[in-house]
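For reference, query.csv is printed below; it contains CSV, C-alpha atoms.
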chain,number,residue,atom,x,y,z
A,1,MET,CA,59.3,-42.0,67.9
A,2,LYS,CA,56.6,-39.4,67.3
A,3,SER,CA,56.7,-36.0,69.1
A,4,ASP,CA,53.7,-34.2,70.5
A,5,VAL,CA,51.5,-32.8,67.8
A,6,ILE,CA,51.3,-29.0,67.8
A,7,SER,CA,48.3,-27.2,66.3
A,8,VAL,CA,49.4,-24.4,64.0
A,9,SER,CA,47.6,-21.6,62.2
A,10,SER,CA,48.6,-18.9,59.8
A,11,MET,CA,46.8,-16.4,62.0
A,12,LYS,CA,48.6,-17.3,65.3
A,13,ASP,CA,52.3,-17.7,65.6
A,14,GLN,CA,53.1,-21.0,67.3
A,15,THR,CA,56.8,-20.8,66.5
A,16,ASP,CA,57.8,-20.9,70.2
A,17,ALA,CA,55.8,-24.1,70.8
A,18,VAL,CA,57.3,-25.7,67.7
A,19,MET,CA,60.9,-24.6,68.7
A,20,GLU,CA,60.4,-26.0,72.2
A,21,GLN,CA,59.2,-29.3,70.6
A,22,ALA,CA,62.3,-29.4,68.3
A,23,GLU,CA,64.5,-28.8,71.3
A,24,LYS,CA,62.8,-31.6,73.3
A,25,VAL,CA,63.3,-34.1,70.4
A,26,ALA,CA,66.9,-33.1,70.1
A,27,VAL,CA,67.6,-33.6,73.8
A,28,TYR,CA,65.6,-36.9,73.9
A,29,GLN,CA,67.5,-38.2,70.9
A,30,GLY,CA,70.9,-37.0,72.1
A,31,LEU,CA,71.6,-34.8,69.1
A,32,SER,CA,74.8,-32.8,69.0
A,33,THR,CA,74.6,-29.0,69.4
A,34,LYS,CA,75.0,-28.6,65.6
A,35,ASN,CA,72.4,-31.2,64.8
A,36,ALA,CA,70.0,-29.7,67.3
A,37,LEU,CA,70.5,-26.4,65.6
A,38,HIS,CA,69.7,-27.9,62.2
A,39,LEU,CA,66.5,-29.4,63.6
A,40,ARG,CA,65.5,-26.1,65.0
A,41,LEU,CA,66.3,-24.3,61.7
A,42,LEU,CA,64.2,-26.7,59.7
A,43,ALA,CA,61.3,-26.3,62.1
A,44,GLU,CA,61.6,-22.5,62.1
A,45,GLU,CA,61.6,-22.5,58.3
A,46,MET,CA,58.4,-24.5,58.3
A,47,MET,CA,56.8,-22.1,60.8
A,48,SER,CA,58.0,-19.2,58.7
A,49,LEU,CA,56.1,-20.7,55.8
A,50,MET,CA,53.0,-21.2,58.0
A,51,ARG,CA,53.0,-17.5,59.0
A,52,ALA,CA,53.4,-16.4,55.4
A,53,ILE,CA,50.2,-18.2,54.2
A,54,THR,CA,47.4,-15.8,53.6
A,55,GLY,CA,44.1,-16.3,55.3
A,56,ASP,CA,43.2,-18.5,58.3
A,57,VAL,CA,44.8,-21.8,57.5
A,58,ARG,CA,45.1,-24.4,60.2
A,59,GLY,CA,47.2,-27.5,60.5
A,60,GLN,CA,49.4,-29.7,62.6
A,61,PHE,CA,53.2,-30.0,63.1
A,62,TRP,CA,55.2,-32.8,64.6
A,63,ILE,CA,58.5,-34.6,64.3
A,64,GLU,CA,59.0,-38.3,63.7
A,65,ASN,CA,62.2,-40.3,63.8
A,66,GLU,CA,63.6,-43.8,63.6
A,67,LYS,CA,67.1,-43.9,64.8
A,68,ASP,CA,69.0,-41.1,62.9
A,69,GLN,CA,66.3,-40.5,60.3
A,70,PHE,CA,64.1,-37.5,61.1
A,71,GLN,CA,60.9,-36.2,59.5
A,72,LEU,CA,59.5,-32.8,60.3
A,73,ARG,CA,55.8,-32.9,59.2
A,74,LEU,CA,53.4,-30.1,58.5
A,75,ASN,CA,49.8,-31.0,57.5
A,76,VAL,CA,47.5,-28.2,56.4
A,77,ARG,CA,43.9,-28.0,55.1
A,78,THR,CA,43.7,-25.4,52.4
A,79,GLN,CA,40.9,-23.5,50.8
A,80,VAL,CA,41.6,-24.5,47.2
A,81,ASP,CA,40.3,-27.7,45.6
A,82,PHE,CA,42.2,-30.1,43.3
A,83,ARG,CA,40.9,-28.7,40.0
A,84,GLN,CA,42.0,-25.2,40.9
A,85,ARG,CA,45.4,-26.5,42.1
A,86,GLU,CA,45.8,-28.7,38.9
A,87,LYS,CA,45.2,-25.6,36.8
A,88,LEU,CA,47.7,-23.7,38.9
A,89,LEU,CA,50.3,-26.5,38.6
A,90,SER,CA,49.9,-26.9,34.8
A,91,ALA,CA,50.4,-23.2,34.2
A,92,SER,CA,53.4,-22.0,32.2
A,93,SER,CA,56.6,-22.5,34.1
A,94,SER,CA,58.2,-19.4,32.5
A,95,GLY,CA,55.7,-17.0,34.2
A,96,LYS,CA,56.8,-14.8,37.1
A,97,ASN,CA,54.8,-14.1,40.3
A,98,GLU,CA,56.2,-11.7,42.8
A,99,ALA,CA,54.1,-13.2,45.6
A,100,HIS,CA,55.9,-16.5,45.2
A,101,ARG,CA,59.5,-15.5,44.7
A,102,GLY,CA,62.3,-17.4,46.3
A,103,PHE,CA,62.4,-21.1,47.1
A,104,MET,CA,60.2,-21.0,50.2
A,105,GLY,CA,57.8,-18.6,48.5
A,106,LYS,CA,57.3,-21.2,45.7
A,107,ILE,CA,56.7,-23.9,48.3
A,108,ARG,CA,54.1,-21.6,49.8
A,109,ALA,CA,52.3,-21.7,46.5
A,110,PHE,CA,51.3,-25.3,47.3
A,111,PHE,CA,49.6,-24.1,50.5
A,112,GLU,CA,47.8,-21.1,49.1
A,113,PRO,CA,47.6,-21.2,45.3
A,114,ILE,CA,45.7,-18.6,43.4
A,115,GLU,CA,43.9,-20.0,40.4
A,116,GLY,CA,45.9,-19.3,37.2
A,117,THR,CA,49.1,-18.2,39.1
A,118,PRO,CA,52.2,-19.7,37.3
A,119,VAL,CA,54.8,-21.4,39.5
A,120,TYR,CA,58.3,-22.4,38.4
A,121,PHE,CA,57.8,-26.1,39.4
A,122,ASP,CA,57.6,-29.2,37.3
A,123,THR,CA,55.4,-31.6,39.2
A,124,ALA,CA,54.8,-35.3,39.0
A,125,VAL,CA,51.2,-36.2,39.2
A,126,SER,CA,50.7,-39.6,40.9
A,127,ALA,CA,48.4,-42.4,39.6
A,128,SER,CA,45.5,-41.0,41.6
A,129,PRO,CA,43.7,-38.1,40.0
A,130,GLN,CA,43.2,-36.5,43.4
A,131,GLU,CA,46.9,-36.5,44.5
A,132,ILE,CA,49.9,-34.4,43.4
A,133,GLY,CA,53.4,-34.9,44.7
A,134,TRP,CA,56.6,-32.7,44.6
A,135,SER,CA,60.1,-33.4,45.6
A,136,MET,CA,62.9,-30.9,46.3
A,137,ASN,CA,65.6,-33.4,45.0
A,138,THR,CA,63.7,-33.9,41.8
A,139,TYR,CA,63.2,-30.2,41.4
A,140,GLN,CA,66.9,-29.6,42.0
A,141,LYS,CA,67.8,-32.1,39.2
A,142,GLN,CA,65.2,-30.5,36.9
A,143,LEU,CA,66.7,-27.1,37.6
A,144,GLU,CA,70.3,-28.4,36.9
A,145,GLN,CA,69.0,-29.6,33.5
A,146,MET,CA,67.2,-26.4,32.8
A,147,VAL,CA,70.3,-24.3,33.7
A,148,SER,CA,72.5,-26.5,31.4
A,149,GLU,CA,70.0,-25.9,28.6
A,150,LYS,CA,70.0,-22.2,29.4
A,151,ARG,CA,66.3,-22.1,29.7
A,152,GLU,CA,64.8,-18.7,30.6
A,153,GLY,CA,64.4,-18.2,34.4
A,154,ALA,CA,66.4,-21.3,35.3
A,155,ALA,CA,69.5,-19.4,36.5
A,156,GLU,CA,67.3,-17.2,38.7
A,157,ALA,CA,65.4,-20.2,40.1
A,158,TRP,CA,68.8,-22.0,40.8
A,159,ASP,CA,70.1,-18.9,42.7
A,160,GLU,CA,66.9,-18.8,44.8
A,161,LEU,CA,67.3,-22.5,45.6
A,162,GLU,CA,71.0,-21.9,46.6
A,163,LYS,CA,69.9,-19.1,49.0
A,164,SER,CA,67.4,-21.3,50.8
A,165,VAL,CA,68.2,-22.4,54.3
A,166,ILE,CA,65.9,-25.4,54.0
A,167,ALA,CA,67.5,-26.5,50.7
A,168,HIS,CA,70.9,-26.5,52.3
A,169,VAL,CA,70.0,-28.2,55.6
A,170,ALA,CA,67.3,-30.7,54.6
A,171,ASP,CA,68.1,-34.0,52.8
A,172,GLU,CA,64.8,-33.9,51.0
A,173,VAL,CA,61.5,-32.0,51.1
A,174,ARG,CA,58.3,-33.6,49.8
A,175,ILE,CA,55.0,-32.1,49.3
A,176,SER,CA,51.8,-34.1,48.7
A,177,ILE,CA,48.5,-32.6,47.9
A,178,HIS,CA,45.4,-34.8,48.5
A,179,GLY,CA,42.3,-32.7,47.6
A,180,TYR,CA,42.3,-29.9,50.2
A,181,ASP,CA,45.0,-31.4,52.4
A,182,VAL,CA,48.7,-30.4,51.9
A,183,GLU,CA,51.4,-32.3,53.6
A,184,MET,CA,55.0,-31.1,53.7
A,185,ILE,CA,57.7,-33.5,55.0
A,186,VAL,CA,61.2,-32.3,55.6
A,187,PHE,CA,63.7,-35.2,55.8
A,188,LYS,CA,67.0,-35.0,57.7
A,189,LYS,CA,69.5,-37.7,58.6
A,190,PHE,CA,71.8,-36.9,61.6
Please express the file's structure as structure tokens.
Amino acid sequence: MKSDVISVSSMKDQTDAVMEQAEKVAVYQGLSTKNALHLRLLAEEMMSLMRAITGDVRGQFWIENEKDQFQLRLNVRTQVDFRQREKLLSASSSGKNEAHRGFMGKIRAFFEPIEGTPVYFDTAVSASPQEIGWSMNTYQKQLEQMVSEKREGAAEAWDELEKSVIAHVADEVRISIHGYDVEMIVFKKF
């Protein structure tokens, strides 16, 4: 099943429409009160991210599910091209950027990167030179390794991940970058 698609923008708050959509999906799928709340929290976190993006960025939000497997999807067209983003993502992982602090702030960097801004993410570049992918579960494993190696900044990054609502509620978060298009998918099994 695919829900209605909601047009979203960083300049206009569509959180109410997205929350209403999450509630409709929860009711239609017969989710428990707790699971419906988790679906709402994930949708709300995604809209919080959308509101935090600088400039007029437009996209679409919807929810898909097959049985108990749910995907919350946010597709956004950004202002930064692949070469600028590649430079961003290859920057030193030990750098600090106050604008992209916290787990969701760092995810936000995928949607509005500033050329040369370091982000504490190791990314996996796919076989296609125009596509970049990132996974929360892979990031979590990398952080665990970095913490065990006592790498600089790793403990702080781990603490930020632990404080994130989306990291605790979602089973997985994946971000794919295809040129100017960024897709964020939050996976949750109920």
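With only C-alpha atoms as the atoms that count, the minimum distance from His38 in chain A to the choices A:Ala157, A:Glu23, A:Ile175, A:Lys12 is reached by A:Glu23.
CA of Glu144 in chain A is positioned 28.1 Å from CA of Asn35 in chain A.
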Within 6 Å of (43.6, -31.6, 54.6), in the coordinates the file gives, what residues turn up when you count only C-alpha atoms, written out as a PyMOL selection string?
chain A and resi 76-77+180-182
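The shell of residues at most 9 Å from Ile6 in chain A, with all atoms listed in the file counted and near chain neighbours (fewer than 4 positions) removed, consists of Gln14, Ala17, Val18, Gln21, Gly59, Gln60, Phe61 and Trp62 of chain A.
From CA of Met136 in chain A back to CA of Asp171 in chain A, the distance works out to 8.9 Å.
Among the candidate residues A:Ser9, A:Ala52, A:Met1, A:Met19, the one lying nearest to Lys67 in chain A is A:Met1, with distances computed using all atoms listed in the file.
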Go ahead and find all residues with at least one atom no further than 10 Å from (60.3, -35.1, 49.7) in the file's coordinates, using all atoms listed in the file; report them as a PyMOL selection string.
chain A and resi 71+133-138+170-176+184-187
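Nearest to Ser10 in chain A of all the residues A:Met50, A:Ile63, A:Ala167, A:Ile107 is A:Met50, based on only C-alpha atoms.
In this model, the gap between CA of Asp13 in chain A and CA of Ile132 in chain A comes to 27.9 Å.
Each of A:Glu45, A:Val25, A:Phe190, A:Arg40 was compared to Ser164 in chain A using only C-alpha atoms, and A:Glu45 turns out to be the nearest.
You can rank A:Lys141, A:Lys2, A:Lys34, A:His178 by their closest distance to Asn65 in chain A using all atoms listed in the file, and at the top of that list sits A:Lys2.
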